[in-house]
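Shown below: input.pdb, with PDB, C-alpha atoms.
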ATOM      1  CA  MET A   1     -30.207 -17.462  31.904
ATOM      2  CA  ASP A   2     -28.400 -14.285  32.984
ATOM      3  CA  THR A   3     -26.534 -11.899  30.709
ATOM      4  CA  TYR A   4     -22.936 -11.106  31.627
ATOM      5  CA  LEU A   5     -20.807  -8.304  30.240
ATOM      6  CA  VAL A   6     -17.072  -9.053  30.368
ATOM      7  CA  THR A   7     -15.067  -5.892  29.772
ATOM      8  CA  GLY A   8     -11.611  -6.760  28.508
ATOM      9  CA  GLY A   9     -13.068 -10.134  27.588
ATOM     10  CA  ALA A  10     -10.569 -10.746  24.780
ATOM     11  CA  GLY A  11      -7.694 -10.451  27.236
ATOM     12  CA  PHE A  12      -5.926 -13.113  29.256
ATOM     13  CA  ILE A  13      -8.215 -13.347  32.296
ATOM     14  CA  GLY A  14     -11.347 -12.004  30.595
ATOM     15  CA  SER A  15     -11.291 -14.676  27.896
ATOM     16  CA  HIS A  16     -11.023 -17.423  30.521
ATOM     17  CA  ILE A  17     -14.049 -15.934  32.296
ATOM     18  CA  ALA A  18     -15.961 -15.843  28.990
ATOM     19  CA  ASP A  19     -15.081 -19.502  28.368
ATOM     20  CA  GLU A  20     -16.416 -20.583  31.747
ATOM     21  CA  LEU A  21     -19.613 -18.548  31.412
ATOM     22  CA  VAL A  22     -20.302 -20.153  28.033
ATOM     23  CA  ARG A  23     -19.595 -23.582  29.515
ATOM     24  CA  ARG A  24     -22.221 -22.825  32.166
ATOM     25  CA  GLY A  25     -24.778 -21.871  29.524
ATOM     26  CA  GLU A  26     -24.916 -18.157  30.301
ATOM     27  CA  SER A  27     -25.420 -15.304  27.826
ATOM     28  CA  VAL A  28     -22.082 -13.535  27.315
ATOM     29  CA  ARG A  29     -21.250 -10.149  25.827
ATOM     30  CA  VAL A  30     -17.614  -9.057  25.501
ATOM     31  CA  LEU A  31     -16.426  -5.462  25.210
ATOM     32  CA  ASP A  32     -12.778  -5.027  24.253
ATOM     33  CA  ASN A  33     -10.809  -2.470  22.241
ATOM     34  CA  LEU A  34      -8.196  -5.125  21.329
ATOM     35  CA  SER A  35      -5.305  -2.930  22.476
ATOM     36  CA  THR A  36      -3.911  -5.795  24.554
ATOM     37  CA  GLY A  37      -6.645  -8.411  24.043
ATOM     38  CA  LYS A  38      -6.846 -10.675  20.988
ATOM     39  CA  ARG A  39      -9.809 -12.107  19.116
ATOM     40  CA  GLU A  40      -8.026 -15.487  18.958
ATOM     41  CA  ASN A  41      -8.300 -15.730  22.753
ATOM     42  CA  LEU A  42     -12.042 -16.190  22.193
ATOM     43  CA  ALA A  43     -11.687 -18.644  19.311
ATOM     44  CA  GLY A  44     -13.248 -21.494  21.296
ATOM     45  CA  VAL A  45     -16.427 -19.549  22.096
ATOM     46  CA  ASN A  46     -16.611 -17.095  19.212
ATOM     47  CA  GLU A  47     -19.930 -18.444  17.942
ATOM     48  CA  GLN A  48     -21.554 -18.450  21.385
ATOM     49  CA  ILE A  49     -20.804 -14.898  22.526
ATOM     50  CA  GLU A  50     -21.621 -11.380  21.390
ATOM     51  CA  PHE A  51     -18.409  -9.445  20.736
ATOM     52  CA  ARG A  52     -18.303  -5.649  20.651
ATOM     53  CA  GLU A  53     -15.125  -3.817  19.796
ATOM     54  CA  GLY A  54     -14.999  -0.614  21.830
ATOM     55  CA  ASP A  55     -13.102   1.375  24.425
ATOM     56  CA  ILE A  56     -14.266   1.814  28.029
ATOM     57  CA  ARG A  57     -12.954   5.382  27.918
ATOM     58  CA  ASN A  58     -15.983   6.188  25.750
ATOM     59  CA  LEU A  59     -19.044   6.401  28.000
ATOM     60  CA  GLU A  60     -21.572   6.065  25.177
ATOM     61  CA  ILE A  61     -19.927   2.869  23.935
ATOM     62  CA  VAL A  62     -20.082   1.473  27.466
ATOM     63  CA  ARG A  63     -23.742   2.518  27.830
ATOM     64  CA  CYS A  64     -24.653   0.652  24.654
ATOM     65  CA  ALA A  65     -22.786  -2.463  25.764
ATOM     66  CA  MET A  66     -24.506  -2.344  29.168
ATOM     67  CA  GLN A  67     -28.081  -2.619  27.892
ATOM     68  CA  GLY A  68     -29.873  -5.717  29.138
ATOM     69  CA  VAL A  69     -26.930  -6.838  31.291
ATOM     70  CA  ASP A  70     -27.391  -8.544  34.676
ATOM     71  CA  TYR A  71     -23.775  -8.805  35.838
ATOM     72  CA  VAL A  72     -20.557  -7.037  34.844
ATOM     73  CA  LEU A  73     -17.153  -8.655  35.171
ATOM     74  CA  HIS A  74     -14.902  -5.630  34.748
ATOM     75  CA  GLN A  75     -11.518  -6.932  33.602
ATOM     76  CA  ALA A  76     -10.618  -4.185  31.121
ATOM     77  CA  ALA A  77      -7.457  -2.370  32.206
ATOM     78  CA  LEU A  78      -4.081  -1.152  31.081
ATOM     79  CA  PRO A  79      -1.858  -3.518  33.057
ATOM     80  CA  SER A  80       1.780  -3.354  34.167
ATOM     81  CA  VAL A  81       3.624  -1.318  36.770
ATOM     82  CA  PRO A  82       6.452  -0.338  34.365
ATOM     83  CA  ARG A  83       3.963   0.749  31.697
ATOM     84  CA  SER A  84       2.218   2.996  34.215
ATOM     85  CA  ILE A  85       5.517   4.557  35.251
ATOM     86  CA  ALA A  86       6.322   5.278  31.605
ATOM     87  CA  ASP A  87       2.828   6.646  30.870
ATOM     88  CA  PRO A  88       0.820   7.437  34.027
ATOM     89  CA  MET A  89      -1.882   9.349  32.142
ATOM     90  CA  ALA A  90      -2.820   6.349  30.002
ATOM     91  CA  SER A  91      -3.110   4.152  33.106
ATOM     92  CA  HIS A  92      -5.337   6.728  34.767
ATOM     93  CA  GLU A  93      -7.599   7.192  31.750
ATOM     94  CA  VAL A  94      -8.207   3.467  31.253
ATOM     95  CA  ASN A  95      -8.142   2.191  34.815
ATOM     96  CA  VAL A  96      -9.838   5.078  36.622
ATOM     97  CA  THR A  97     -11.908   7.022  34.072
ATOM     98  CA  GLY A  98     -12.772   3.788  32.249
ATOM     99  CA  THR A  99     -13.953   2.188  35.484
ATOM    100  CA  LEU A 100     -16.001   5.263  36.338
ATOM    101  CA  ASN A 101     -17.687   4.960  32.934
ATOM    102  CA  VAL A 102     -18.467   1.299  33.639
ATOM    103  CA  LEU A 103     -19.965   2.170  37.016
ATOM    104  CA  ILE A 104     -22.084   5.030  35.660
ATOM    105  CA  ALA A 105     -23.414   2.883  32.817
ATOM    106  CA  ALA A 106     -24.070  -0.068  35.155
ATOM    107  CA  ARG A 107     -25.915   2.163  37.624
ATOM    108  CA  ASP A 108     -28.103   3.626  34.902
ATOM    109  CA  ALA A 109     -28.813   0.208  33.355
ATOM    110  CA  GLN A 110     -29.773  -1.171  36.789
ATOM    111  CA  VAL A 111     -27.203  -3.933  36.654
ATOM    112  CA  LYS A 112     -27.387  -6.357  39.587
ATOM    113  CA  ARG A 113     -23.666  -6.319  40.407
ATOM    114  CA  VAL A 114     -20.255  -5.219  39.101
ATOM    115  CA  VAL A 115     -17.218  -7.341  39.965
ATOM    116  CA  PHE A 116     -14.027  -5.306  39.571
ATOM    117  CA  ALA A 117     -10.559  -6.705  38.894
ATOM    118  CA  SER A 118      -8.283  -4.932  41.355
ATOM    119  CA  SER A 119      -4.680  -5.722  42.223
ATOM    120  CA  SER A 120      -2.411  -6.695  45.092
ATOM    121  CA  SER A 121      -0.214  -3.791  44.008
ATOM    122  CA  VAL A 122      -2.382  -1.502  46.173
ATOM    123  CA  TYR A 123      -0.602  -2.872  49.275
ATOM    124  CA  GLY A 124       2.684  -1.488  47.991
ATOM    125  CA  ASP A 125       5.736  -1.801  50.201
ATOM    126  CA  ASN A 126       3.936  -2.623  53.435
ATOM    127  CA  PRO A 127       6.305  -5.288  54.863
ATOM    128  CA  THR A 128       3.626  -7.185  56.807
ATOM    129  CA  LEU A 129       2.791 -10.658  55.463
ATOM    130  CA  PRO A 130       0.322 -11.974  54.607
ATOM    131  CA  LYS A 131      -1.550  -8.992  53.154
ATOM    132  CA  VAL A 132      -4.949  -8.439  54.784
ATOM    133  CA  GLU A 133      -7.671  -6.252  53.283
ATOM    134  CA  THR A 134      -7.782  -4.049  56.393
ATOM    135  CA  MET A 135      -4.173  -2.883  55.882
ATOM    136  CA  SER A 136      -3.589   0.712  54.860
ATOM    137  CA  PRO A 137      -2.726   0.777  51.149
ATOM    138  CA  ARG A 138       0.759   2.022  50.226
ATOM    139  CA  PRO A 139       0.821   2.088  46.402
ATOM    140  CA  ARG A 140       4.225   2.492  44.770
ATOM    141  CA  SER A 141       3.266   3.051  41.143
ATOM    142  CA  PRO A 142       0.663   4.893  39.060
ATOM    143  CA  TYR A 143      -0.826   1.488  38.208
ATOM    144  CA  ALA A 144      -1.360   0.718  41.899
ATOM    145  CA  VAL A 145      -2.862   4.169  42.481
ATOM    146  CA  SER A 146      -5.242   3.659  39.556
ATOM    147  CA  LYS A 147      -6.473   0.324  40.913
ATOM    148  CA  LEU A 148      -6.961   1.733  44.406
ATOM    149  CA  SER A 149      -8.851   4.731  43.005
ATOM    150  CA  ALA A 150     -11.122   2.446  40.993
ATOM    151  CA  GLU A 151     -11.782   0.303  44.083
ATOM    152  CA  GLN A 152     -12.856   3.388  45.985
ATOM    153  CA  TYR A 153     -15.141   4.454  43.162
ATOM    154  CA  CYS A 154     -16.752   1.001  43.368
ATOM    155  CA  GLN A 155     -17.365   1.367  47.094
ATOM    156  CA  VAL A 156     -18.764   4.875  46.708
ATOM    157  CA  PHE A 157     -21.180   3.727  43.993
ATOM    158  CA  THR A 158     -22.404   1.037  46.403
ATOM    159  CA  GLN A 159     -22.808   3.504  49.268
ATOM    160  CA  VAL A 160     -24.242   6.427  47.315
ATOM    161  CA  TYR A 161     -26.193   4.852  44.461
ATOM    162  CA  GLY A 162     -26.905   1.338  45.730
ATOM    163  CA  LEU A 163     -25.040  -0.293  42.832
ATOM    164  CA  GLU A 164     -23.673  -3.571  44.173
ATOM    165  CA  THR A 165     -19.929  -3.874  43.596
ATOM    166  CA  VAL A 166     -17.229  -6.309  44.674
ATOM    167  CA  SER A 167     -13.505  -5.668  44.187
ATOM    168  CA  LEU A 168     -11.131  -8.623  43.906
ATOM    169  CA  ARG A 169      -7.445  -7.984  44.496
ATOM    170  CA  TYR A 170      -5.592 -10.370  42.192
ATOM    171  CA  PHE A 171      -2.149 -11.668  43.132
ATOM    172  CA  ASN A 172       0.152 -12.466  40.171
ATOM    173  CA  VAL A 173      -2.267 -14.378  37.984
ATOM    174  CA  PHE A 174      -0.767 -16.761  35.425
ATOM    175  CA  GLY A 175      -1.892 -19.334  32.888
ATOM    176  CA  SER A 176      -2.477 -19.852  29.176
ATOM    177  CA  ARG A 177      -2.926 -16.896  26.777
ATOM    178  CA  GLN A 178      -0.672 -14.423  28.560
ATOM    179  CA  ASP A 179       1.416 -12.584  25.978
ATOM    180  CA  PRO A 180       5.047 -13.630  26.581
ATOM    181  CA  TYR A 181       6.573 -11.222  24.061
ATOM    182  CA  SER A 182       5.415  -7.813  25.247
ATOM    183  CA  HIS A 183       7.911  -5.518  26.942
ATOM    184  CA  TYR A 184       5.408  -5.509  29.811
ATOM    185  CA  SER A 185       4.845  -9.267  30.000
ATOM    186  CA  ALA A 186       4.332 -10.956  33.336
ATOM    187  CA  VAL A 187       7.222 -12.964  34.726
ATOM    188  CA  ILE A 188       5.890 -16.523  34.295
ATOM    189  CA  PRO A 189       5.210 -16.468  30.523
ATOM    190  CA  LYS A 190       8.544 -14.696  29.976
ATOM    191  CA  PHE A 191      10.411 -17.299  31.999
ATOM    192  CA  ILE A 192       8.634 -20.238  30.355
ATOM    193  CA  ILE A 193       9.325 -19.039  26.808
ATOM    194  CA  ALA A 194      12.992 -18.374  27.610
ATOM    195  CA  ALA A 195      13.352 -21.812  29.197
ATOM    196  CA  LEU A 196      11.653 -23.605  26.301
ATOM    197  CA  ASN A 197      13.974 -21.775  23.882
ATOM    198  CA  ASP A 198      17.067 -22.680  25.963
ATOM    199  CA  GLU A 199      17.731 -19.029  26.736
ATOM    200  CA  ALA A 200      18.993 -17.624  30.029
ATOM    201  CA  ILE A 201      16.287 -16.046  32.187
ATOM    202  CA  GLY A 202      16.656 -12.364  33.063
ATOM    203  CA  ILE A 203      16.016 -11.674  36.744
ATOM    204  CA  ASN A 204      15.601  -8.258  38.300
ATOM    205  CA  SER A 205      17.649  -8.087  41.506
ATOM    206  CA  ASP A 206      18.653 -11.259  43.409
ATOM    207  CA  GLY A 207      15.614 -13.400  42.551
ATOM    208  CA  LEU A 208      14.598 -13.701  46.205
ATOM    209  CA  GLN A 209      11.559 -11.482  45.740
ATOM    210  CA  SER A 210       8.469 -13.598  46.342
ATOM    211  CA  ARG A 211       4.979 -13.688  44.896
ATOM    212  CA  ASP A 212       1.654 -15.386  45.566
ATOM    213  CA  PHE A 213       1.337 -16.873  42.083
ATOM    214  CA  THR A 214      -2.306 -17.643  41.267
ATOM    215  CA  TYR A 215      -3.461 -19.926  38.470
ATOM    216  CA  VAL A 216      -6.102 -18.300  36.281
ATOM    217  CA  SER A 217      -8.910 -20.810  36.911
ATOM    218  CA  ASN A 218      -8.872 -19.822  40.600
ATOM    219  CA  VAL A 219      -9.489 -16.208  39.611
ATOM    220  CA  VAL A 220     -12.309 -17.208  37.262
ATOM    221  CA  ASN A 221     -13.918 -19.175  40.088
ATOM    222  CA  ALA A 222     -13.689 -16.202  42.466
ATOM    223  CA  ASN A 223     -15.201 -13.819  39.903
ATOM    224  CA  LEU A 224     -18.231 -15.991  39.252
ATOM    225  CA  ARG A 225     -18.763 -16.603  42.960
ATOM    226  CA  ALA A 226     -18.539 -12.845  43.577
ATOM    227  CA  CYS A 227     -21.397 -12.231  41.151
ATOM    228  CA  LYS A 228     -24.036 -13.941  43.260
ATOM    229  CA  ALA A 229     -22.683 -14.346  46.790
ATOM    230  CA  ALA A 230     -24.956 -12.863  49.452
ATOM    231  CA  SER A 231     -24.090  -9.831  51.597
ATOM    232  CA  VAL A 232     -20.848  -8.870  49.840
ATOM    233  CA  ALA A 233     -21.773  -5.546  48.205
ATOM    234  CA  GLY A 234     -19.006  -2.992  48.680
ATOM    235  CA  GLN A 235     -16.464  -5.584  49.814
ATOM    236  CA  VAL A 236     -12.811  -5.846  48.795
ATOM    237  CA  MET A 237     -11.217  -9.308  48.808
ATOM    238  CA  ASN A 238      -7.865 -10.900  48.082
ATOM    239  CA  VAL A 239      -7.857 -13.649  45.460
ATOM    240  CA  SER A 240      -4.839 -15.934  45.404
ATOM    241  CA  CYS A 241      -3.559 -19.211  46.812
ATOM    242  CA  GLY A 242      -2.259 -17.798  50.093
ATOM    243  CA  GLU A 243       1.272 -19.071  49.430
ATOM    244  CA  ARG A 244       4.451 -17.459  48.144
ATOM    245  CA  TYR A 245       7.359 -18.536  46.009
ATOM    246  CA  THR A 246      10.556 -16.687  45.119
ATOM    247  CA  LEU A 247      11.597 -16.205  41.502
ATOM    248  CA  LEU A 248      14.403 -18.686  42.171
ATOM    249  CA  ASP A 249      11.788 -21.185  43.396
ATOM    250  CA  LEU A 250       9.906 -20.611  40.150
ATOM    251  CA  ILE A 251      13.003 -21.289  38.058
ATOM    252  CA  MET A 252      13.780 -24.473  39.994
ATOM    253  CA  GLU A 253      10.228 -25.694  39.455
ATOM    254  CA  LEU A 254      10.560 -24.985  35.726
ATOM    255  CA  GLU A 255      13.849 -26.914  35.673
ATOM    256  CA  SER A 256      12.056 -29.851  37.292
ATOM    257  CA  LEU A 257       9.174 -29.726  34.812
ATOM    258  CA  LEU A 258      11.435 -29.383  31.775
ATOM    259  CA  GLY A 259      14.169 -31.725  32.957
ATOM    260  CA  LYS A 260      16.996 -29.291  32.246
ATOM    261  CA  SER A 261      19.005 -26.527  33.879
ATOM    262  CA  ILE A 262      18.153 -22.916  33.076
ATOM    263  CA  GLY A 263      20.648 -20.067  32.927
ATOM    264  CA  ARG A 264      20.136 -16.917  34.962
ATOM    265  CA  LEU A 265      21.081 -13.312  34.182
ATOM    266  CA  HIS A 266      20.720 -10.958  37.129
ATOM    267  CA  GLY A 267      19.992  -7.283  36.499
ATOM    268  CA  PRO A 268      19.076  -4.212  38.567
ATOM    269  CA  GLU A 269      15.957  -3.999  40.691
ATOM    270  CA  ARG A 270      12.943  -2.640  38.802
ATOM    271  CA  VAL A 271      11.479   0.704  39.848
ATOM    272  CA  GLY A 272       8.116   0.354  41.592
ATOM    273  CA  ASP A 273       8.519  -3.348  42.343
ATOM    274  CA  VAL A 274       7.462  -4.782  45.689
ATOM    275  CA  LYS A 275       9.863  -7.231  47.352
ATOM    276  CA  HIS A 276       7.389  -9.727  48.840
ATOM    277  CA  SER A 277       3.719 -10.454  48.335
ATOM    278  CA  GLN A 278       1.425 -13.025  49.895
ATOM    279  CA  ALA A 279      -2.310 -12.868  50.556
ATOM    280  CA  ASP A 280      -4.527 -13.701  53.447
ATOM    281  CA  ILE A 281      -7.491 -15.242  51.614
ATOM    282  CA  GLY A 282      -9.699 -15.717  54.678
ATOM    283  CA  GLN A 283     -12.206 -13.086  53.610
ATOM    284  CA  ALA A 284     -12.809 -14.625  50.165
ATOM    285  CA  CYS A 285     -13.002 -18.087  51.707
ATOM    286  CA  GLN A 286     -15.608 -16.902  54.198
ATOM    287  CA  LEU A 287     -17.721 -14.578  52.053
ATOM    288  CA  LEU A 288     -17.454 -16.317  48.670
ATOM    289  CA  GLU A 289     -16.766 -19.879  49.846
ATOM    290  CA  TYR A 290     -13.719 -19.525  47.634
ATOM    291  CA  VAL A 291     -11.112 -22.292  47.596
ATOM    292  CA  PRO A 292      -8.003 -22.213  45.374
ATOM    293  CA  LEU A 293      -8.588 -25.481  43.522
ATOM    294  CA  VAL A 294      -5.425 -25.410  41.399
ATOM    295  CA  LYS A 295      -2.183 -25.005  43.334
ATOM    296  CA  PHE A 296       0.967 -23.373  42.000
ATOM    297  CA  ASN A 297       2.786 -26.554  40.881
ATOM    298  CA  GLU A 298      -0.216 -27.970  39.007
ATOM    299  CA  GLY A 299      -1.005 -24.618  37.415
ATOM    300  CA  LEU A 300       2.598 -24.181  36.299
ATOM    301  CA  ALA A 301       2.657 -27.639  34.731
ATOM    302  CA  ARG A 302      -0.545 -26.862  32.777
ATOM    303  CA  THR A 303       0.867 -23.518  31.685
ATOM    304  CA  VAL A 304       4.170 -25.007  30.487
ATOM    305  CA  ASP A 305       2.234 -27.551  28.400
ATOM    306  CA  TRP A 306       0.179 -24.761  26.826
ATOM    307  CA  TYR A 307       3.243 -22.685  25.903
ATOM    308  CA  ARG A 308       4.978 -25.748  24.482
ATOM    309  CA  ASN A 309       2.065 -26.120  22.061
ATOM    310  CA  PHE A 310       1.990 -22.344  21.534
ATOM    311  CA  ILE A 311       5.600 -22.378  20.301
ATOM    312  CA  VAL A 312       4.953 -25.384  18.045
ATOM    313  CA  ASN A 313       1.893 -23.712  16.509
ATOM    314  CA  SER A 314       3.695 -20.367  16.149
ATOM    315  CA  ASN A 315       6.500 -22.046  14.195
ATOM    316  CA  ALA A 316       4.175 -24.135  12.027
TER
END
Could the structure of this file be written out as C-alpha cells, please?
Amino acid sequence: MDTYLVTGGAGFIGSHIADELVRRGESVRVLDNLSTGKRENLAGVNEQIEFREGDIRNLEIVRCAMQGVDYVLHQAALPSVPRSIADPMASHEVNVTGTLNVLIAARDAQVKRVVFASSSSVYGDNPTLPKVETMSPRPRSPYAVSKLSAEQYCQVFTQVYGLETVSLRYFNVFGSRQDPYSHYSAVIPKFIIAALNDEAIGINSDGLQSRDFTYVSNVVNANLRACKAASVAGQVMNVSCGERYTLLDLIMELESLLGKSIGRLHGPERVGDVKHSQADIGQACQLLEYVPLVKFNEGLARTVDWYRNFIVNSNA
C-alpha cells in the first residue's frame, strides 16, 4: 500500500481523487485549508483518510504533511481567472509560492513523484486548435501566469533535484461538488442551478465561445495514471476529451436533459477570457495510456442528476 498526499483534497477535484484512492485501498492523507474546499466533500471517506487542516503557503505545515508520503497529487490552488484579476497577489502566493513549498517539502521527504494540477489557461489567446503542449504559452490572466510558473518550477525540480514531477493541464473540468453559488463558480454548475430553478442563464458575450468540457472522473483517472507511468518525469500533458462545445451547445444539451426551454441573458465579454479551447490529448494517450472514459453528454447527465439531489437536500 502506498501513501498519497492530496493537497486541496477537500475541494472539487481533490475530493474525487481521494474517493478513488480509498476505493483502491490506498493510504490517503488530505491537506486543505478549507478556504474553498469543504469537509462534506469527503463525507463518504472521512473515516478512511487522514485529514489535516493547513495552508500550503506555510512551508512547515507542508513539511509535516509530507512525512512518509510516496506520491503527491497537488490540487490545492486558488482558482478562477476573474478572482486572479481582482487579486493577483493572492493567486501568486497560493499557486506559485504554495507549489514551491510543496516541491521543496516533497524533495526533502524523498517523495517518488508529484503530479501537479495545471490549466489550459496557459495557452491563452493562441488561436490554433487543438492546443498542443509544444505551443508557446500566451497567458492572459494572473491565474494563467501562476499555473505556468508552477509548471516551470515542477520541471526545474525534476532537472535540478531529480524530483519526479508531471504537470497535467486541465480543460474545463466539471462534475458533482462544484460550488454553484460562488461569484467565481465555473460555468456548468452555474448554468445547471439556474436551469433547475427556471431562471434565465447569464452568458458573457454571444455564447459561441467553446470549451473542451471534461468530466471529473477522466481527470481522476489521468492523475492516478500519472503517478506511476514510466518515463514521464518532467512532462506536461493536456487532460480533456479532445472535443469542444459552445456555451449555446451546452444550454441546448441542458434543455434536452431537462425537457424544457431555458432563457438566455447576454452580457459583455469577460476580461481575460479565451474565445476557444480544445486539447490535443495525444501525449496523455501515449504516455499515460489515458482514455477519456466519460464523454461530455454522459458526464453532463450525471452532473445534472447530482445537482437535482443537491437542491432537494439543500431545501430539506
Residues at most 6 Å from region 50-59 of chain A, counting only C-alpha atoms, excluding those fewer than 4 positions away in the same chain, as a PDB file with C-alpha atoms, in the frame of the given file?
ATOM      1  CA  ARG A  29     -21.250 -10.149  25.827  1.00  0.00           C
ATOM      2  CA  VAL A  30     -17.614  -9.057  25.501  1.00  0.00           C
ATOM      3  CA  LEU A  31     -16.426  -5.462  25.210  1.00  0.00           C
ATOM      4  CA  ASP A  32     -12.778  -5.027  24.253  1.00  0.00           C
ATOM      5  CA  ASN A  33     -10.809  -2.470  22.241  1.00  0.00           C
ATOM      6  CA  GLY A  98     -12.772   3.788  32.249  1.00  0.00           C
ATOM      7  CA  ASN A 101     -17.687   4.960  32.934  1.00  0.00           C
TER       8      ASN A 101
END
Contact check, region 195-239 of chain A to region 145-169 of chain A, at most 9 Å, counting only C-alpha atoms, closest pairs as a Markdown table:
| residue | atom | partner | partner_atom | distance |
| --- | --- | --- | --- | --- |
| A:Val219 | CA | A:Leu168 | CA | 8.9 |
| A:Ala222 | CA | A:Leu168 | CA | 8.1 |
| A:Asn223 | CA | A:Leu168 | CA | 7.7 |
| A:Ala226 | CA | A:Val166 | CA | 6.8 |
| A:Cys227 | CA | A:Val166 | CA | 8.1 |
| A:Val232 | CA | A:Val166 | CA | 6.8 |
| A:Ala233 | CA | A:Glu164 | CA | 4.9 |
| A:Gly234 | CA | A:Gln155 | CA | 4.9 |
| A:Gln235 | CA | A:Val166 | CA | 5.2 |
| A:Val236 | CA | A:Ser167 | CA | 4.7 |
| A:Met237 | CA | A:Leu168 | CA | 5.0 |
| A:Asn238 | CA | A:Arg169 | CA | 4.6 |
| A:Val239 | CA | A:Arg169 | CA | 5.8 |
**Asked** What does the distance between CA of Arg140 (chain A) and CA of Ser176 (chain A) come to in Å, to one decimal place?
**Response** 28.1 Å
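Distance-wise, CA of Ala18 (chain A) and CA of Pro142 (chain A) end up 28.4 Å apart.
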Emit as lines of an AutoDock Vina configuration file the padded axis-aligned box for all listed atoms of region 35-51 of chain A, 4 Å per side, with centre and edge lengths in Å to one decimal.
center_x = -12.8
center_y = -12.2
center_z = 21.2
size_x = 25.7
size_y = 26.6
size_z = 14.6
**Prompt:** Given the file above and the PyMOL selection byres ((chain A and resi 120-127) around 12), which residues are selected, and can you give them as a ChimeraX atom specification?
**Reply:** /A:79-81,117-119,128-152,167-173,211-214,236-240,272-281
**Message:** Rounded to one decimal, what separation in Å do you get between CA of Phe174 (chain A) and CA of Glu47 (chain A)?
**Reply:**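 Separation between CA of Phe174 (chain A) and CA of Glu47 (chain A): 26.0 Å.
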**Asked** Given the choices A:Arg83, A:Gly242, A:Lys190, A:Glu253, which gets closest to Val291 (chain A) if the distance is worked out from all atoms listed in the file?
**Response** A:Gly242
**Message:** Counting all atoms listed in the file, which residue out of A:Ser217, A:Thr99, A:Asn197, A:Gln67 sits closest to Ile17 (chain A)?
**Reply:**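 Looking only at the distances to Ile17 (chain A), the closest residue turns out to be A:Ser217.
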**Message:** Here is a test: counting only C-alpha atoms, which residue of A:Thr3, A:Ser182, A:Gln209, A:Gln48 is nearest to Arg23 (chain A)?
**Reply:**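 Nearest to Arg23 (chain A): A:Gln48.
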**Request:** Name every residue that the PyMOL selection byres ((chain A and resi 297) around 12) selects in this structure, writing the answer as a ChimeraX atom specification with chains first and numbers rising.
**Result:** /A:174-175,213-215,241,243-245,249-254,256-257,293-296,298-304
**Message:** Applying the PyMOL selection byres ((chain A and resi 9) around 10) to the file I just gave you, which residues come out? Please list them as number ranges by chain.
**Reply:** A: 5-8, 10-19, 28-34, 37-39, 41-42, 51-52, 73-76
**Prompt:** Which of these, A:Asn309, A:Asn95, A:Gln286, A:Ser35, has the shortest distance to Ile193 (chain A) once you count all atoms listed in the file?
**Reply:**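 Closest to Ile193 (chain A), using all atoms listed in the file: A:Asn309.
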**Request:** Would you mind telling me which residue in A:Val69, A:Leu265, A:Tyr4, A:Pro82 lies nearest to His183 (chain A) when using all atoms listed in the file?
**Result:** A:Pro82
**Prompt:** Between A:Val72, A:Pro180, A:Ala284, A:Leu100, which one has atoms that come closest to Val114 (chain A), using only C-alpha atoms?
**Reply:** A:Val72
Because some atoms of region 153-165 of chain A are absent here, can you restore N, CA and C atoms and send them as a PDB file, in the coordinates of the input?
ATOM      1  N   TYR A 153     -13.966   4.098  43.948  1.00  0.00           N
ATOM      2  CA  TYR A 153     -15.141   4.454  43.162  1.00  0.00           C
ATOM      3  C   TYR A 153     -16.216   3.368  43.286  1.00  0.00           C
ATOM      4  N   CYS A 154     -15.788   2.099  43.238  1.00  0.00           N
ATOM      5  CA  CYS A 154     -16.752   1.001  43.368  1.00  0.00           C
ATOM      6  C   CYS A 154     -17.481   1.081  44.706  1.00  0.00           C
ATOM      7  N   GLN A 155     -16.737   1.302  45.768  1.00  0.00           N
ATOM      8  CA  GLN A 155     -17.365   1.367  47.094  1.00  0.00           C
ATOM      9  C   GLN A 155     -18.305   2.558  47.220  1.00  0.00           C
ATOM     10  N   VAL A 156     -17.909   3.681  46.655  1.00  0.00           N
ATOM     11  CA  VAL A 156     -18.764   4.875  46.708  1.00  0.00           C
ATOM     12  C   VAL A 156     -20.054   4.653  45.923  1.00  0.00           C
ATOM     13  N   PHE A 157     -19.968   3.987  44.779  1.00  0.00           N
ATOM     14  CA  PHE A 157     -21.180   3.727  43.993  1.00  0.00           C
ATOM     15  C   PHE A 157     -22.121   2.777  44.738  1.00  0.00           C
ATOM     16  N   THR A 158     -21.556   1.885  45.566  1.00  0.00           N
ATOM     17  CA  THR A 158     -22.404   1.037  46.403  1.00  0.00           C
ATOM     18  C   THR A 158     -23.073   1.870  47.492  1.00  0.00           C
ATOM     19  N   GLN A 159     -22.292   2.725  48.140  1.00  0.00           N
ATOM     20  CA  GLN A 159     -22.808   3.504  49.268  1.00  0.00           C
ATOM     21  C   GLN A 159     -23.795   4.590  48.823  1.00  0.00           C
ATOM     22  N   VAL A 160     -23.464   5.257  47.721  1.00  0.00           N
ATOM     23  CA  VAL A 160     -24.242   6.427  47.315  1.00  0.00           C
ATOM     24  C   VAL A 160     -25.415   6.057  46.407  1.00  0.00           C
ATOM     25  N   TYR A 161     -25.178   5.155  45.473  1.00  0.00           N
ATOM     26  CA  TYR A 161     -26.193   4.852  44.461  1.00  0.00           C
ATOM     27  C   TYR A 161     -26.854   3.482  44.630  1.00  0.00           C
ATOM     28  N   GLY A 162     -26.319   2.665  45.539  1.00  0.00           N
ATOM     29  CA  GLY A 162     -26.905   1.338  45.730  1.00  0.00           C
ATOM     30  C   GLY A 162     -26.516   0.335  44.669  1.00  0.00           C
ATOM     31  N   LEU A 163     -25.539   0.670  43.829  1.00  0.00           N
ATOM     32  CA  LEU A 163     -25.040  -0.293  42.832  1.00  0.00           C
ATOM     33  C   LEU A 163     -24.147  -1.297  43.553  1.00  0.00           C
ATOM     34  N   GLU A 164     -24.486  -2.566  43.494  1.00  0.00           N
ATOM     35  CA  GLU A 164     -23.673  -3.571  44.173  1.00  0.00           C
ATOM     36  C   GLU A 164     -22.351  -3.767  43.428  1.00  0.00           C
ATOM     37  N   THR A 165     -21.257  -3.664  44.169  1.00  0.00           N
ATOM     38  CA  THR A 165     -19.929  -3.874  43.596  1.00  0.00           C
ATOM     39  C   THR A 165     -19.114  -4.765  44.523  1.00  0.00           C
TER      40      THR A 165
END
